[in-house]
>>> print(open('protein_14.pdb').read())   # PDB, C-alpha atoms
ATOM      1  CA  MET A   1      71.984  47.500  89.055
ATOM      2  CA  LYS A   2      74.400  47.423  91.967
ATOM      3  CA  LYS A   3      72.135  46.928  94.984
ATOM      4  CA  ILE A   4      71.082  43.291  95.270
ATOM      5  CA  GLY A   5      68.996  41.548  97.919
ATOM      6  CA  VAL A   6      68.929  37.845  98.754
ATOM      7  CA  ILE A   7      65.944  36.480 100.672
ATOM      8  CA  GLY A   8      66.673  33.041 102.107
ATOM      9  CA  LEU A   9      70.101  31.975 103.337
ATOM     10  CA  GLY A  10      70.028  28.236 102.947
ATOM     11  CA  MET A  11      73.096  26.625 101.396
ATOM     12  CA  LEU A  12      72.375  27.989  97.907
ATOM     13  CA  GLY A  13      71.175  31.449  98.918
ATOM     14  CA  ASN A  14      74.146  31.960 101.208
ATOM     15  CA  ALA A  15      76.608  30.958  98.474
ATOM     16  CA  VAL A  16      74.934  33.268  95.925
ATOM     17  CA  ALA A  17      75.034  36.176  98.366
ATOM     18  CA  LEU A  18      78.715  35.574  99.190
ATOM     19  CA  HIS A  19      79.607  35.450  95.506
ATOM     20  CA  LEU A  20      77.767  38.723  94.841
ATOM     21  CA  LEU A  21      79.671  40.343  97.715
ATOM     22  CA  ASP A  22      82.965  39.061  96.324
ATOM     23  CA  SER A  23      81.961  40.504  92.931
ATOM     24  CA  GLY A  24      81.607  43.988  94.374
ATOM     25  CA  PHE A  25      77.831  44.294  94.615
ATOM     26  CA  ASP A  26      76.071  46.058  97.486
ATOM     27  CA  VAL A  27      74.268  43.096  99.097
ATOM     28  CA  THR A  28      71.393  43.097 101.587
ATOM     29  CA  VAL A  29      70.082  39.821 103.002
ATOM     30  CA  TYR A  30      67.056  38.605 104.894
ATOM     31  CA  ASN A  31      66.506  35.262 106.562
ATOM     32  CA  ARG A  32      63.708  34.225 108.864
ATOM     33  CA  THR A  33      66.265  32.675 111.269
ATOM     34  CA  LYS A  34      68.498  35.629 112.020
ATOM     35  CA  GLU A  35      71.398  33.487 113.254
ATOM     36  CA  LYS A  36      72.047  32.461 109.640
ATOM     37  CA  THR A  37      72.810  36.079 108.704
ATOM     38  CA  MET A  38      75.741  36.470 111.108
ATOM     39  CA  GLN A  39      78.445  34.997 108.867
ATOM     40  CA  ILE A  40      77.510  37.010 105.808
ATOM     41  CA  LYS A  41      77.094  40.188 107.858
ATOM     42  CA  GLU A  42      80.733  39.812 108.915
ATOM     43  CA  LYS A  43      81.629  39.627 105.195
ATOM     44  CA  GLY A  44      80.025  43.026 104.575
ATOM     45  CA  ALA A  45      76.372  42.361 103.777
ATOM     46  CA  LYS A  46      73.609  44.480 105.243
ATOM     47  CA  VAL A  47      70.898  42.589 107.143
ATOM     48  CA  ALA A  48      67.250  43.605 106.720
ATOM     49  CA  SER A  49      64.681  43.003 109.435
ATOM     50  CA  SER A  50      61.975  42.031 106.935
ATOM     51  CA  PRO A  51      61.481  41.276 103.230
ATOM     52  CA  LYS A  52      59.792  44.683 102.943
ATOM     53  CA  GLU A  53      62.842  46.500 104.327
ATOM     54  CA  LEU A  54      65.107  44.564 101.968
ATOM     55  CA  ALA A  55      62.897  45.403  98.977
ATOM     56  CA  GLU A  56      62.941  49.097  99.871
ATOM     57  CA  ASN A  57      66.727  49.212  99.607
ATOM     58  CA  VAL A  58      67.662  47.106  96.557
ATOM     59  CA  GLU A  59      67.107  47.110  92.822
ATOM     60  CA  LEU A  60      66.914  43.328  92.458
ATOM     61  CA  ALA A  61      65.523  41.030  95.160
ATOM     62  CA  ILE A  62      66.471  37.372  94.661
ATOM     63  CA  ILE A  63      64.239  34.887  96.505
ATOM     64  CA  VAL A  64      65.816  31.509  97.366
ATOM     65  CA  VAL A  65      63.409  29.684  99.678
ATOM     66  CA  LYS A  66      62.032  26.180 100.159
ATOM     67  CA  ASP A  67      58.754  26.123  98.227
ATOM     68  CA  ALA A  68      55.864  28.140  96.774
ATOM     69  CA  ASP A  69      54.296  28.708 100.194
ATOM     70  CA  ALA A  70      57.551  30.216 101.438
ATOM     71  CA  VAL A  71      57.789  32.417  98.306
ATOM     72  CA  LYS A  72      54.256  33.703  98.945
ATOM     73  CA  GLN A  73      54.997  34.254 102.619
ATOM     74  CA  VAL A  74      58.023  36.492 102.049
ATOM     75  CA  SER A  75      56.323  38.194  99.111
ATOM     76  CA  PHE A  76      52.735  38.837 100.164
ATOM     77  CA  GLU A  77      52.301  38.476 103.923
ATOM     78  CA  LYS A  78      52.810  41.222 106.520
ATOM     79  CA  ASP A  79      56.067  43.134 105.891
ATOM     80  CA  GLY A  80      56.463  41.203 102.645
ATOM     81  CA  VAL A  81      58.201  42.342  99.471
ATOM     82  CA  ILE A  82      54.949  43.571  97.955
ATOM     83  CA  GLU A  83      54.566  46.236 100.657
ATOM     84  CA  SER A  84      57.655  48.008  99.348
ATOM     85  CA  LYS A  85      57.139  51.343  97.615
ATOM     86  CA  ASN A  86      60.356  50.939  95.613
ATOM     87  CA  GLU A  87      59.373  51.723  92.003
ATOM     88  CA  LYS A  88      62.689  50.385  90.639
ATOM     89  CA  LEU A  89      62.349  46.972  92.256
ATOM     90  CA  VAL A  90      62.613  43.743  90.253
ATOM     91  CA  VAL A  91      62.044  40.353  91.902
ATOM     92  CA  ALA A  92      63.812  37.183  90.728
ATOM     93  CA  ASP A  93      62.724  33.832  92.151
ATOM     94  CA  MET A  94      65.462  31.185  92.310
ATOM     95  CA  SER A  95      63.324  28.733  94.293
ATOM     96  CA  THR A  96      62.147  25.485  92.682
ATOM     97  CA  ILE A  97      58.349  25.602  92.547
ATOM     98  CA  ASN A  98      55.354  24.482  90.520
ATOM     99  CA  PRO A  99      55.180  26.411  87.198
ATOM    100  CA  SER A 100      51.488  27.233  87.640
ATOM    101  CA  GLU A 101      52.174  28.584  91.144
ATOM    102  CA  SER A 102      54.976  30.688  89.697
ATOM    103  CA  LYS A 103      52.653  32.160  87.058
ATOM    104  CA  ASN A 104      50.130  33.114  89.746
ATOM    105  CA  ILE A 105      52.832  34.706  91.897
ATOM    106  CA  SER A 106      54.114  36.689  88.901
ATOM    107  CA  LYS A 107      50.579  37.888  88.187
ATOM    108  CA  ILE A 108      50.164  39.229  91.720
ATOM    109  CA  PHE A 109      53.498  41.046  91.557
ATOM    110  CA  LEU A 110      52.528  42.581  88.206
ATOM    111  CA  GLU A 111      49.239  43.802  89.690
ATOM    112  CA  HIS A 112      51.416  45.779  92.100
ATOM    113  CA  ASN A 113      53.640  47.066  89.264
ATOM    114  CA  ILE A 114      56.569  44.821  90.200
ATOM    115  CA  GLN A 115      58.248  42.802  87.464
ATOM    116  CA  LYS A 116      59.262  39.252  88.404
ATOM    117  CA  LEU A 117      61.675  36.870  86.727
ATOM    118  CA  GLU A 118      62.067  33.162  87.383
ATOM    119  CA  ILE A 119      65.724  32.135  87.622
ATOM    120  CA  PRO A 120      66.029  28.547  88.937
ATOM    121  CA  VAL A 121      69.530  27.124  88.645
ATOM    122  CA  MET A 122      71.434  23.878  88.333
ATOM    123  CA  GLY A 123      74.491  23.403  90.502
ATOM    124  CA  GLY A 124      74.944  23.503  94.245
ATOM    125  CA  PRO A 125      76.587  25.937  96.659
ATOM    126  CA  ASN A 126      80.028  24.671  95.653
ATOM    127  CA  VAL A 127      79.584  26.182  92.173
ATOM    128  CA  ALA A 128      77.371  29.083  93.257
ATOM    129  CA  ILE A 129      80.254  30.467  95.296
ATOM    130  CA  THR A 130      82.309  30.835  92.112
ATOM    131  CA  GLY A 131      79.466  32.041  89.867
ATOM    132  CA  ASP A 132      79.424  28.854  87.792
ATOM    133  CA  LEU A 133      75.750  27.917  88.030
ATOM    134  CA  VAL A 134      73.597  27.128  84.998
ATOM    135  CA  MET A 135      70.488  29.315  85.017
ATOM    136  CA  MET A 136      67.094  28.958  83.364
ATOM    137  CA  ALA A 137      65.267  32.285  83.140
ATOM    138  CA  SER A 138      61.757  33.263  82.119
ATOM    139  CA  GLY A 139      59.467  36.246  82.394
ATOM    140  CA  ASP A 140      59.416  39.674  80.766
ATOM    141  CA  LYS A 141      62.185  39.889  78.135
ATOM    142  CA  ASN A 142      62.981  43.577  78.737
ATOM    143  CA  THR A 143      63.295  42.946  82.467
ATOM    144  CA  PHE A 144      65.600  40.035  81.752
ATOM    145  CA  GLU A 145      67.781  42.232  79.517
ATOM    146  CA  ASN A 146      68.021  44.855  82.265
ATOM    147  CA  CYS A 147      69.188  42.211  84.756
ATOM    148  CA  LYS A 148      71.594  40.317  82.478
ATOM    149  CA  GLU A 149      74.779  41.683  84.019
ATOM    150  CA  ILE A 150      73.859  40.303  87.427
ATOM    151  CA  LEU A 151      72.453  37.026  86.101
ATOM    152  CA  TYR A 152      75.630  36.342  84.121
ATOM    153  CA  ASN A 153      77.632  37.086  87.246
ATOM    154  CA  ILE A 154      75.688  34.437  89.179
ATOM    155  CA  ALA A 155      75.781  31.840  86.381
ATOM    156  CA  ASN A 156      78.241  31.083  83.599
ATOM    157  CA  LYS A 157      75.387  29.946  81.361
ATOM    158  CA  VAL A 158      71.972  31.605  81.250
ATOM    159  CA  PHE A 159      69.117  30.335  79.082
ATOM    160  CA  PHE A 160      66.216  32.734  78.539
ATOM    161  CA  LEU A 161      63.199  30.505  77.871
ATOM    162  CA  GLY A 162      60.277  32.873  77.368
ATOM    163  CA  GLU A 163      57.071  33.454  79.280
ATOM    164  CA  SER A 164      56.477  33.051  82.999
ATOM    165  CA  GLY A 165      56.495  29.479  84.286
ATOM    166  CA  VAL A 166      58.698  27.955  81.598
ATOM    167  CA  ALA A 167      61.961  28.123  83.564
ATOM    168  CA  HIS A 168      60.420  26.173  86.436
ATOM    169  CA  SER A 169      59.143  23.509  84.029
ATOM    170  CA  VAL A 170      62.674  22.993  82.705
ATOM    171  CA  LYS A 171      64.125  23.036  86.224
ATOM    172  CA  LEU A 172      61.736  20.284  87.306
ATOM    173  CA  ALA A 173      62.660  18.226  84.244
ATOM    174  CA  MET A 174      66.325  18.661  85.196
ATOM    175  CA  ASN A 175      65.672  17.498  88.751
ATOM    176  CA  LEU A 176      63.836  14.504  87.330
ATOM    177  CA  GLN A 177      67.093  13.610  85.574
ATOM    178  CA  ILE A 178      69.253  13.832  88.699
ATOM    179  CA  THR A 179      66.689  11.762  90.610
ATOM    180  CA  MET A 180      66.965   8.930  88.095
ATOM    181  CA  LEU A 181      70.761   9.184  87.869
ATOM    182  CA  ALA A 182      71.116   8.979  91.658
ATOM    183  CA  LEU A 183      68.895   5.897  91.775
ATOM    184  CA  ALA A 184      70.635   4.206  88.831
ATOM    185  CA  LEU A 185      74.078   4.746  90.392
ATOM    186  CA  SER A 186      72.827   3.588  93.789
ATOM    187  CA  GLU A 187      71.496   0.343  92.385
ATOM    188  CA  GLY A 188      74.524  -0.196  90.118
ATOM    189  CA  ILE A 189      77.015   0.275  92.963
ATOM    190  CA  THR A 190      74.955  -1.955  95.289
ATOM    191  CA  PHE A 191      74.720  -4.639  92.594
ATOM    192  CA  ILE A 192      78.481  -4.539  91.941
ATOM    193  CA  LYS A 193      79.394  -4.680  95.641
ATOM    194  CA  LYS A 194      77.218  -7.760  96.113
ATOM    195  CA  SER A 195      78.975  -9.302  93.094
ATOM    196  CA  ASN A 196      82.337  -8.918  94.915
ATOM    197  CA  VAL A 197      83.597  -6.329  92.440
ATOM    198  CA  ASP A 198      85.274  -3.078  93.501
ATOM    199  CA  PRO A 199      82.695  -0.345  92.702
ATOM    200  CA  LYS A 200      85.527   1.974  91.677
ATOM    201  CA  VAL A 201      86.369  -0.446  88.872
ATOM    202  CA  PHE A 202      82.717  -0.314  87.781
ATOM    203  CA  LEU A 203      82.816   3.500  87.861
ATOM    204  CA  GLU A 204      86.077   3.638  85.911
ATOM    205  CA  ILE A 205      84.514   1.509  83.176
ATOM    206  CA  LEU A 206      81.264   3.502  83.236
ATOM    207  CA  ASN A 207      83.206   6.751  82.959
ATOM    208  CA  SER A 208      85.103   5.402  79.957
ATOM    209  CA  THR A 209      81.838   5.286  77.984
ATOM    210  CA  TYR A 210      79.365   7.887  76.750
ATOM    211  CA  PHE A 211      77.029   6.766  79.547
ATOM    212  CA  LYS A 212      79.145   8.756  82.000
ATOM    213  CA  THR A 213      77.716  11.825  83.726
ATOM    214  CA  GLY A 214      79.040  14.513  86.021
ATOM    215  CA  MET A 215      77.449  12.565  88.865
ATOM    216  CA  SER A 216      79.189   9.310  87.917
ATOM    217  CA  GLU A 217      82.524  11.128  87.621
ATOM    218  CA  LYS A 218      82.297  12.944  90.961
ATOM    219  CA  LYS A 219      79.583  12.106  93.486
ATOM    220  CA  ALA A 220      79.451   8.384  92.644
ATOM    221  CA  TYR A 221      82.848   7.771  94.281
ATOM    222  CA  LYS A 222      81.579   9.345  97.502
ATOM    223  CA  MET A 223      78.441   7.230  97.235
ATOM    224  CA  ALA A 224      80.578   4.089  96.982
ATOM    225  CA  ASP A 225      82.517   5.172 100.101
ATOM    226  CA  GLY A 226      79.361   6.017 102.077
ATOM    227  CA  LYS A 227      80.110   9.762 102.194
ATOM    228  CA  TYR A 228      76.985  11.894 101.877
ATOM    229  CA  ASN A 229      78.005  15.462 102.758
ATOM    230  CA  ALA A 230      75.035  17.476 101.573
ATOM    231  CA  THR A 231      75.179  20.071  98.836
ATOM    232  CA  PHE A 232      71.469  19.424  98.173
ATOM    233  CA  THR A 233      69.643  17.362 100.772
ATOM    234  CA  LEU A 234      67.604  14.242 100.185
ATOM    235  CA  ALA A 235      64.638  16.022 101.800
ATOM    236  CA  ASN A 236      64.906  18.910  99.342
ATOM    237  CA  LEU A 237      65.014  16.587  96.350
ATOM    238  CA  LYS A 238      61.990  14.712  97.724
ATOM    239  CA  LYS A 239      60.173  18.054  97.873
ATOM    240  CA  ASP A 240      61.033  18.703  94.232
ATOM    241  CA  ILE A 241      60.012  15.180  93.207
ATOM    242  CA  SER A 242      56.598  15.799  94.771
ATOM    243  CA  THR A 243      56.376  19.081  92.862
ATOM    244  CA  ILE A 244      57.099  17.159  89.650
ATOM    245  CA  THR A 245      54.334  14.632  90.329
ATOM    246  CA  GLU A 246      51.895  17.442  91.190
ATOM    247  CA  THR A 247      52.757  19.155  87.907
ATOM    248  CA  THR A 248      52.296  15.970  85.866
ATOM    249  CA  LYS A 249      48.720  15.751  87.141
ATOM    250  CA  SER A 250      47.982  19.301  85.993
ATOM    251  CA  LEU A 251      49.508  18.455  82.602
ATOM    252  CA  GLY A 252      47.404  15.303  82.313
ATOM    253  CA  ILE A 253      50.382  12.981  81.849
ATOM    254  CA  LYS A 254      51.662   9.920  83.698
ATOM    255  CA  LEU A 255      55.364   9.426  84.419
ATOM    256  CA  PRO A 256      55.569   6.086  86.237
ATOM    257  CA  MET A 257      59.283   6.209  87.100
ATOM    258  CA  ILE A 258      59.148   9.531  88.960
ATOM    259  CA  GLU A 259      56.049   8.299  90.813
ATOM    260  CA  LYS A 260      58.023   5.264  91.983
ATOM    261  CA  ALA A 261      60.980   7.488  92.873
ATOM    262  CA  GLU A 262      58.669   9.606  95.031
ATOM    263  CA  GLU A 263      57.720   6.489  97.011
ATOM    264  CA  LEU A 264      61.383   5.537  97.517
ATOM    265  CA  TYR A 265      62.475   9.000  98.612
ATOM    266  CA  GLU A 266      59.469   9.291 100.922
ATOM    267  CA  ASP A 267      60.427   5.992 102.571
ATOM    268  CA  ALA A 268      64.038   7.201 102.858
ATOM    269  CA  LEU A 269      62.785  10.282 104.719
ATOM    270  CA  LYS A 270      60.846   8.058 107.126
ATOM    271  CA  LYS A 271      64.098   6.206 107.809
ATOM    272  CA  GLY A 272      65.750   9.461 108.914
ATOM    273  CA  LEU A 273      67.884  10.125 105.831
ATOM    274  CA  GLY A 274      66.476  13.538 104.941
ATOM    275  CA  GLU A 275      69.456  15.694 105.913
ATOM    276  CA  ILE A 276      72.148  13.788 104.012
ATOM    277  CA  ASP A 277      72.914  14.479 100.350
ATOM    278  CA  TYR A 278      70.279  13.384  97.845
ATOM    279  CA  THR A 279      72.753  10.795  96.490
ATOM    280  CA  GLY A 280      72.510   9.199  99.937
ATOM    281  CA  ILE A 281      69.528   7.343  98.507
ATOM    282  CA  ILE A 282      72.183   4.608  98.123
ATOM    283  CA  GLU A 283      72.122   4.319 101.918
ATOM    284  CA  TYR A 284      68.400   3.605 101.704
ATOM    285  CA  ILE A 285      69.036   0.876  99.094
ATOM    286  CA  LYS A 286      71.707  -0.548 101.390
ATOM    287  CA  ARG A 287      69.394  -0.600 104.414
ATOM    288  CA  ILE A 288      66.469  -2.294 102.682
ATOM    289  CA  ASN A 289      68.864  -5.041 101.545
ATOM    290  CA  GLU A 290      70.337  -5.449 105.043
ATOM    291  CA  SER A 291      66.847  -5.829 106.494
ATOM    292  CA  LYS A 292      66.055  -8.842 104.287
TER     293      LYS A 292
END
>>> encode(input="protein_14.pdb", output="structure tokens")
Amino acid sequence: MKKIGVIGLGMLGNAVALHLLDSGFDVTVYNRTKEKTMQIKEKGAKVASSPKELAENVELAIIVVKDADAVKQVSFEKDGVIESKNEKLVVADMSTINPSESKNISKIFLEHNIQKLEIPVMGGPNVAITGDLVMMASGDKNTFENCKEILYNIANKVFFLGESGVAHSVKLAMNLQITMLALALSEGITFIKKSNVDPKVFLEILNSTYFKTGMSEKKAYKMADGKYNATFTLANLKKDISTITETTKSLGIKLPMIEKAEELYEDALKKGLGEIDYTGIIEYIKRINESK
């Protein structure tokens, strides 16, 4: 496979498409807001006028959009991917969506003789641009094997997890982890500041123990300095948190901490913090303390 399409040029989709171009692939892109295609067009990508046109001209169409409704829109509505007559087409969904929704979407594609993989990833645009994402993949094993060269170009680690839906379950569990880590660091840094201790001393000690994480070693210092340049917005994590809580209901389980986190992130959105980085939840903690 040499002809790759990317549908959705948000921060992640744009970085994936740029990396594929740099790797020598023939890349076609589609984005609902055409202005977002200008930069990548200048880099050599072709721009399709619709998901259907993109699907007609690629071997692998990677979807990187906001939610399940957006996946269904670009896939099944007028001029959607499914209207393509390309018999070689494979679809790979990198969006973070409900596993049951993903299974239903895969079923519809299969009814139209189109194989679909799920390939959600961990890591933001800063690692996508260098091909260093961690990918969770599920779907048809033979289709996965046929796409491995491209998938291992996008990610330096790829975990094939089995049947449709499984990759999204693991992705949601991963986003549950980063939610809790962001909140724990936010409260720890706030606590330390109020105790008249330099938060960087706290972080140095934390990072000298096995309790350290990639977040505590990197983003936590920006959190302490009030720098929230977004690689993954607070609004997007809130969307994923809500997807987690929806999925827990279908599984018949109760996860009280993520339910509480959903309330906190929802309140942070109401306070206008949606477009900063998800670790900017520390700003929300700061504000609720200042208001007391």
>>> closest_atom_pairs(input="protein_14.pdb", of="region 42-104 of chain A", to="region 147-169 of chain A", cutoff="10 Å", atoms="only C-alpha atoms", output="Markdown table")
| residue | atom | partner | partner_atom | distance |
| --- | --- | --- | --- | --- |
| A:Glu59 | CA | A:Cys147 | CA | 9.7 |
| A:Leu60 | CA | A:Cys147 | CA | 8.1 |
| A:Val90 | CA | A:Cys147 | CA | 8.7 |
| A:Ala92 | CA | A:Cys147 | CA | 9.5 |
| A:Asp93 | CA | A:His168 | CA | 9.8 |
| A:Met94 | CA | A:His168 | CA | 9.2 |
| A:Ser95 | CA | A:His168 | CA | 8.8 |
| A:Thr96 | CA | A:His168 | CA | 6.5 |
| A:Ile97 | CA | A:His168 | CA | 6.5 |
| A:Asn98 | CA | A:His168 | CA | 6.7 |
| A:Pro99 | CA | A:Gly165 | CA | 4.4 |
| A:Ser100 | CA | A:Gly165 | CA | 6.4 |
| A:Glu101 | CA | A:Gly165 | CA | 8.2 |
| A:Ser102 | CA | A:Gly165 | CA | 5.7 |
| A:Lys103 | CA | A:Gly165 | CA | 5.4 |
| A:Asn104 | CA | A:Gly165 | CA | 9.1 |
>>> resolve_selection(input="protein_14.pdb", expression="the PyMOL selection byres ((chain A and resi 109-124) around 7)", output="VMD selection string")
chain A and resid 12 89 to 96 105 to 108 125 to 128 133 to 140 167 to 168 171 231 to 232
>>> resolve_selection(input="protein_14.pdb", expression="the PyMOL selection byres ((chain A and resi 56-58) around 6)", output="list in words")
Lys3, Ile4, Gly5, Glu53, Leu54, Ala55, Glu59, Leu60, Ser84 and Asn86 of chain A
>>> closest_residue(input="protein_14.pdb", among="A:Ile62, A:Glu283, A:Leu9, A:Ala173", to="Leu255 (chain A)", atoms="all atoms listed in the file")
A:Ala173
>>> closest_residue(input="protein_14.pdb", among="A:Ser75, A:Ser49, A:Thr279, A:Asn146", to="Met215 (chain A)", atoms="only C-alpha atoms")
A:Thr279
>>> resolve_selection(input="protein_14.pdb", expression="the PyMOL selection byres ((chain A and resi 248) around 12)", output="list in words")
Asn98, Pro99, Ser100, Ser169, Leu172, Ala173, Leu176, Ile241, Ser242, Thr243, Ile244, Thr245, Glu246, Thr247, Lys249, Ser250, Leu251, Gly252, Ile253, Lys254, Leu255, Pro256, Ile258 and Glu259 of chain A
>>> residues_around(input="protein_14.pdb", residues="region 187-190 of chain A", least_positions_apart="3", cutoff="6 Å", atoms="only C-alpha atoms", output="MDAnalysis selection string")
chainID A and resid 184 193 199
>>> atom_distance(input="protein_14.pdb", atom1="CA of Val74 (chain A)", atom2="CA of His19 (chain A)")
22.6 Å
